[in-house]
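**Q** I'd like to ask you about the structure that follows.
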Amino acid sequence: MICWTREQAKRYLLLYQGLLGEHLFQGKEGVCRYVERCGCIQFDPVDVCGKNAELTLFSRVKGMKKQDLQELLYKDRLLMDYPDKCQSIMPVRDWPYFSRYREAAKQAEKQFEGLAELEEVARKHMRTHGAVSSDELPVRGKIRWHSVIHWSGNWHGESNAARSVLEQMYCSGECVIHHKKGTRKYYDLADKYLPGSLLFAPDPYPDEESHLAYRVYRRMCAIGILWDRNSDAFLNIWGLTPEKRKRAFEQLAAEGKILPVQVEGIRDMMYIPDCALPFTDRVDEKHRARCEVLAPLDPMMWDRKLIRALFGFEYSWEIYTPQEKRKYGYYVLPLLLGDRLLGRIEASADEKTGVLTVKNIWTEEHVRYTGAVAQKVHGCMKRLAKFNLCSEVTYEDGTK
């Protein structure tokens with residue numbers, strides 16, 4: 001069993017995440033490599049200074065451009081939009097592992113009257129005309145429908161028929177997202193873009209117990225360290241009760257796929273994935289301290305109780321909190337310097353004016369915001385500005 005102090009555990013986690021020391025990932029290839037190792041990164045359409053997935057990659061991949069992600073998704077087809085931990089971006093190669101969810105969508109389709117007929121209309125339209133959005137599909141009216149992949153439960157309302165039929169075909173695997181314009185999705189038939197070896201591959205884990213163990217291991221690879229506790233890290237893993245989660249941990253430990261770690265001062269046993277072993281020997285080395293902003297739904301932040309236990313840092317994304325109840329702001333990002341989460345920062349990019357505006361910086365009580373720290377933060381903001389096609393950084397309080 002590995003025994004670490006909190007400081008060692010923090011350094012390990014940041015090294016594994018590619019956030020401490022020299023960059024592990026570079027350029028377009030690095031984007032693909034990180035997503036393949038992580039399994040999935042969450043997608044959110046809100047764009048204040050970059051979308052969530054873009055910011056997740058920006059903090060880790062040196063020289064990454066937003067266009068790199070778009071090309072990997074919609075030109076190279078090495079990545080795809082697909083529900084994993086909520087709406088996500090994941091490697092195309094992982095398509096077979098989610099076949100049970102597509103099968104569930106196909107079975108659910110039978111309960112929605114008239115949906116099959118609309119699917120045939122959409123199918124013929126895409127065969128003839130190619131990618132289509134719900135606005136362009138020649139289907140009108142409303143239909144009773146809800147997605148079994150995106151959420152569960154009974155829903156008896158009606159939704160836009162064109163959007164519903166395209167989403168249903170996407171959930172069942174007949175369609176993929178061809179591209180996006182802003183927040184608008186364009187769909188096309190999956191067999192135009194995915195090889196039969198993927199489309200018709202059998203489920204590698206057809207029994208539930210093995211599948212759940214795979215999904216737990218996948219989340220552990222995304223974060224780098226986890227414990228057997230209720231956690232947002234396990235969101236959207238169907239059927240994962242506390243008892244089944246415990247069995248998944250036991251199975252993975254017995255197979256040597258996860259390794260126990262006791263962190264000084266933390267009661268619960270933690271575990272790391274076997275792929276992370278090379279990083280365990282580097283926790284006592286000196287590493288270059290980088291300044292990075294973290295995305296609100298960054299994989300490292302999925303288990304916020306774990307982050308609080310290791311870093312003493314409390315974070316809540318307040319985008320859906322009413323303005324009068326926010327402690328900080330609408331789109332506030334954790335701010336990392338070296339092996340410390342030193343605070344939060346709120347920045348907004350305006351591509352038209354070419355200005356990235358830093359609205360506020362909040363540091364933790366124990367942090368001394370020295371001139372050297374301010375310079376590191378400013379360097380990070382200049383990179384963030386360039387990433388958002390801005391040439392200037394301004395601060396609302398007039399400081400640097």
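Identifiers in the structure tokens: chain A, B, ... in order shown; residue index from 1 per chain; ligand index from 1 in order shown.
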DSSP says alpha helix (DSSP H) for which residues of stretch 116-187 of chain A? Put them as a list of chain:residue names?
**A**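 Alpha helix (DSSP H) assignments inside stretch 116-187 of chain A correspond to A:Ala116, A:Glu117, A:Leu118, A:Glu119, A:Glu120, A:Val121, A:Ala122, A:Arg123, A:Lys124, A:His125, A:Met126, A:Arg127, A:Thr128, A:His129, A:Ala161, A:Ala162, A:Arg163, A:Ser164, A:Val165, A:Leu166, A:Glu167, A:Gln168, A:Met169, A:Tyr170, A:Cys171.
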**Q** Let me see the file: selected residues, N, CA, C and O atoms, as a tab-separated table (two decimals), in the first residue's frame.
**A**
chain	number	residue	atom	x	y	z
A	116	ALA	N	-41.27	6.28	-34.98
A	116	ALA	CA	-40.65	5.46	-36.02
A	116	ALA	C	-40.88	6.05	-37.41
A	116	ALA	O	-39.98	6.06	-38.26
A	117	GLU	N	-42.08	6.55	-37.65
A	117	GLU	CA	-42.39	7.15	-38.96
A	117	GLU	C	-41.56	8.41	-39.19
A	117	GLU	O	-41.06	8.65	-40.30
A	118	LEU	N	-41.41	9.21	-38.15
A	118	LEU	CA	-40.60	10.42	-38.27
A	118	LEU	C	-39.13	10.08	-38.49
A	118	LEU	O	-38.42	10.78	-39.22
A	119	GLU	N	-38.66	9.02	-37.88
A	119	GLU	CA	-37.28	8.59	-38.08
A	119	GLU	C	-37.02	8.25	-39.55
A	119	GLU	O	-35.96	8.56	-40.09
A	120	GLU	N	-37.99	7.61	-40.19
A	120	GLU	CA	-37.82	7.25	-41.60
A	120	GLU	C	-37.73	8.50	-42.47
A	120	GLU	O	-36.94	8.54	-43.41
A	121	VAL	N	-38.51	9.52	-42.13
A	121	VAL	CA	-38.42	10.80	-42.85
A	121	VAL	C	-37.02	11.39	-42.69
A	121	VAL	O	-36.39	11.83	-43.65
A	122	ALA	N	-36.52	11.40	-41.45
A	122	ALA	CA	-35.20	11.96	-41.17
A	122	ALA	C	-34.10	11.16	-41.85
A	122	ALA	O	-33.15	11.71	-42.41
A	123	ARG	N	-34.25	9.84	-41.83
A	123	ARG	CA	-33.27	8.94	-42.44
A	123	ARG	C	-33.13	9.23	-43.94
A	123	ARG	O	-32.02	9.39	-44.46
A	124	LYS	N	-34.26	9.31	-44.62
A	124	LYS	CA	-34.24	9.57	-46.06
A	124	LYS	C	-33.68	10.96	-46.37
A	124	LYS	O	-32.93	11.14	-47.33
A	125	HIS	N	-34.01	11.93	-45.53
A	125	HIS	CA	-33.52	13.29	-45.74
A	125	HIS	C	-31.99	13.34	-45.62
A	125	HIS	O	-31.31	13.96	-46.45
A	126	MET	N	-31.44	12.67	-44.63
A	126	MET	CA	-29.99	12.69	-44.43
A	126	MET	C	-29.27	11.89	-45.51
A	126	MET	O	-28.16	12.25	-45.91
A	127	ARG	N	-29.88	10.81	-45.99
A	127	ARG	CA	-29.28	10.06	-47.10
A	127	ARG	C	-29.18	10.93	-48.35
A	127	ARG	O	-28.22	10.87	-49.11
A	128	THR	N	-30.16	11.78	-48.55
A	128	THR	CA	-30.22	12.60	-49.76
A	128	THR	C	-29.47	13.91	-49.62
A	128	THR	O	-28.73	14.32	-50.52
A	129	HIS	N	-29.65	14.57	-48.46
A	129	HIS	CA	-29.15	15.94	-48.31
A	129	HIS	C	-27.97	16.07	-47.34
A	129	HIS	O	-27.35	17.14	-47.29
A	161	ALA	N	-40.91	18.10	-32.53
A	161	ALA	CA	-40.80	16.79	-33.17
A	161	ALA	C	-39.48	16.62	-33.91
A	161	ALA	O	-38.86	15.55	-33.84
A	162	ALA	N	-39.05	17.63	-34.65
A	162	ALA	CA	-37.81	17.52	-35.41
A	162	ALA	C	-36.61	17.33	-34.48
A	162	ALA	O	-35.75	16.47	-34.73
A	163	ARG	N	-36.56	18.11	-33.41
A	163	ARG	CA	-35.45	17.97	-32.46
A	163	ARG	C	-35.50	16.60	-31.78
A	163	ARG	O	-34.48	15.95	-31.59
A	164	SER	N	-36.71	16.15	-31.45
A	164	SER	CA	-36.87	14.88	-30.75
A	164	SER	C	-36.42	13.70	-31.59
A	164	SER	O	-35.73	12.81	-31.11
A	165	VAL	N	-36.81	13.70	-32.86
A	165	VAL	CA	-36.45	12.56	-33.70
A	165	VAL	C	-34.95	12.49	-33.94
A	165	VAL	O	-34.34	11.41	-33.94
A	166	LEU	N	-34.31	13.64	-34.11
A	166	LEU	CA	-32.85	13.65	-34.31
A	166	LEU	C	-32.13	13.23	-33.04
A	166	LEU	O	-31.15	12.47	-33.09
A	167	GLU	N	-32.61	13.70	-31.90
A	167	GLU	CA	-31.99	13.31	-30.62
A	167	GLU	C	-32.19	11.82	-30.36
A	167	GLU	O	-31.30	11.15	-29.84
A	168	GLN	N	-33.37	11.30	-30.72
A	168	GLN	CA	-33.61	9.87	-30.53
A	168	GLN	C	-32.66	9.04	-31.38
A	168	GLN	O	-32.08	8.05	-30.92
A	169	MET	N	-32.46	9.44	-32.63
A	169	MET	CA	-31.57	8.70	-33.52
A	169	MET	C	-30.11	8.82	-33.05
A	169	MET	O	-29.31	7.91	-33.23
A	170	TYR	N	-29.81	9.94	-32.42
A	170	TYR	CA	-28.47	10.14	-31.83
A	170	TYR	C	-28.30	9.22	-30.60
A	170	TYR	O	-27.28	8.54	-30.45
A	171	CYS	N	-29.32	9.17	-29.74
A	171	CYS	CA	-29.25	8.33	-28.54
A	171	CYS	C	-29.15	6.85	-28.89
A	171	CYS	O	-28.47	6.09	-28.20
**Q** If you count only C-alpha atoms, which residues fall within 8 Å of stretch 258-274 of chain A, apart from same-chain ones fewer than 4 positions away, as an MDAnalysis selection string?
**A** chainID A and resid 1:6 9 217 220:221 224:228 249 252:253 309
**Q** Once you have the residues from the selection above, write them out as a CSV table (one decimal), in the first residue's frame, restricted to N, CA, C and O atoms.
**A**
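Wrote again-v1.csv, looks like this:
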chain,number,residue,atom,x,y,z
A,1,MET,N,0.8,-1.2,0.0
A,1,MET,CA,0.0,0.0,0.0
A,1,MET,C,0.9,1.2,0.0
A,1,MET,O,1.9,1.3,0.7
A,2,ILE,N,0.5,2.2,-0.8
A,2,ILE,CA,1.2,3.5,-0.8
A,2,ILE,C,0.7,4.4,0.3
A,2,ILE,O,-0.5,4.5,0.6
A,3,CYS,N,1.7,5.0,1.0
A,3,CYS,CA,1.4,6.0,2.1
A,3,CYS,C,1.9,7.3,1.7
A,3,CYS,O,3.1,7.5,1.4
A,4,TRP,N,1.1,8.3,1.7
A,4,TRP,CA,1.5,9.7,1.3
A,4,TRP,C,1.1,10.7,2.3
A,4,TRP,O,0.0,10.5,3.0
A,5,THR,N,1.8,11.8,2.4
A,5,THR,CA,1.3,13.0,3.1
A,5,THR,C,0.3,13.7,2.1
A,5,THR,O,0.2,13.4,0.9
A,6,ARG,N,-0.4,14.7,2.6
A,6,ARG,CA,-1.3,15.5,1.7
A,6,ARG,C,-0.5,16.1,0.6
A,6,ARG,O,-0.9,16.2,-0.5
A,9,ALA,N,0.3,13.7,-2.0
A,9,ALA,CA,-0.9,13.3,-2.8
A,9,ALA,C,-1.3,14.4,-3.7
A,9,ALA,O,-1.7,14.2,-4.9
A,217,TYR,N,-13.6,2.4,-13.2
A,217,TYR,CA,-12.2,2.5,-13.5
A,217,TYR,C,-11.9,3.7,-14.5
A,217,TYR,O,-10.9,4.5,-14.4
A,220,MET,N,-11.9,6.8,-12.6
A,220,MET,CA,-10.6,6.9,-11.8
A,220,MET,C,-9.5,7.4,-12.7
A,220,MET,O,-8.6,8.2,-12.3
A,221,CYS,N,-9.5,6.9,-14.0
A,221,CYS,CA,-8.4,7.3,-14.9
A,221,CYS,C,-8.6,8.8,-15.3
A,221,CYS,O,-7.6,9.5,-15.6
A,224,GLY,N,-7.6,10.5,-11.5
A,224,GLY,CA,-6.3,10.1,-11.0
A,224,GLY,C,-6.3,9.5,-9.6
A,224,GLY,O,-5.4,8.7,-9.3
A,225,ILE,N,-7.3,9.9,-8.8
A,225,ILE,CA,-7.3,9.4,-7.4
A,225,ILE,C,-8.8,9.5,-7.0
A,225,ILE,O,-9.4,10.5,-7.2
A,226,LEU,N,-9.3,8.5,-6.3
A,226,LEU,CA,-10.7,8.5,-5.9
A,226,LEU,C,-10.9,7.6,-4.7
A,226,LEU,O,-10.0,6.8,-4.4
A,227,TRP,N,-12.0,7.8,-4.0
A,227,TRP,CA,-12.3,7.0,-2.9
A,227,TRP,C,-13.7,6.4,-3.1
A,227,TRP,O,-14.5,6.8,-4.0
A,228,ASP,N,-14.0,5.3,-2.3
A,228,ASP,CA,-15.3,4.7,-2.4
A,228,ASP,C,-16.4,5.4,-1.6
A,228,ASP,O,-16.8,5.0,-0.5
A,249,PHE,N,-15.1,-1.5,-6.7
A,249,PHE,CA,-13.8,-1.2,-6.2
A,249,PHE,C,-13.1,-2.5,-5.8
A,249,PHE,O,-11.9,-2.7,-6.0
A,252,LEU,N,-11.9,-4.3,-9.0
A,252,LEU,CA,-10.7,-3.7,-9.6
A,252,LEU,C,-9.4,-3.8,-8.8
A,252,LEU,O,-8.4,-4.0,-9.3
A,253,ALA,N,-9.6,-3.8,-7.4
A,253,ALA,CA,-8.4,-4.0,-6.6
A,253,ALA,C,-7.9,-5.4,-6.7
A,253,ALA,O,-6.7,-5.6,-6.7
A,309,ALA,N,-10.5,17.9,0.8
A,309,ALA,CA,-9.7,17.1,1.7
A,309,ALA,C,-8.2,17.3,1.4
A,309,ALA,O,-7.4,17.4,2.4
**Q** Which residues are near A:Leu342? Cut-off 9 Å, only C-alpha atoms, ignore same chain within fewer than 4 positions. Put them as a list in words.
**A**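 Near neighbours after the sequence-gap exclusion: Phe313, Pro334, Leu335, Leu336, Leu337, Trp362, Thr363, Glu364, Glu365, His366 and Val367 of chain A.
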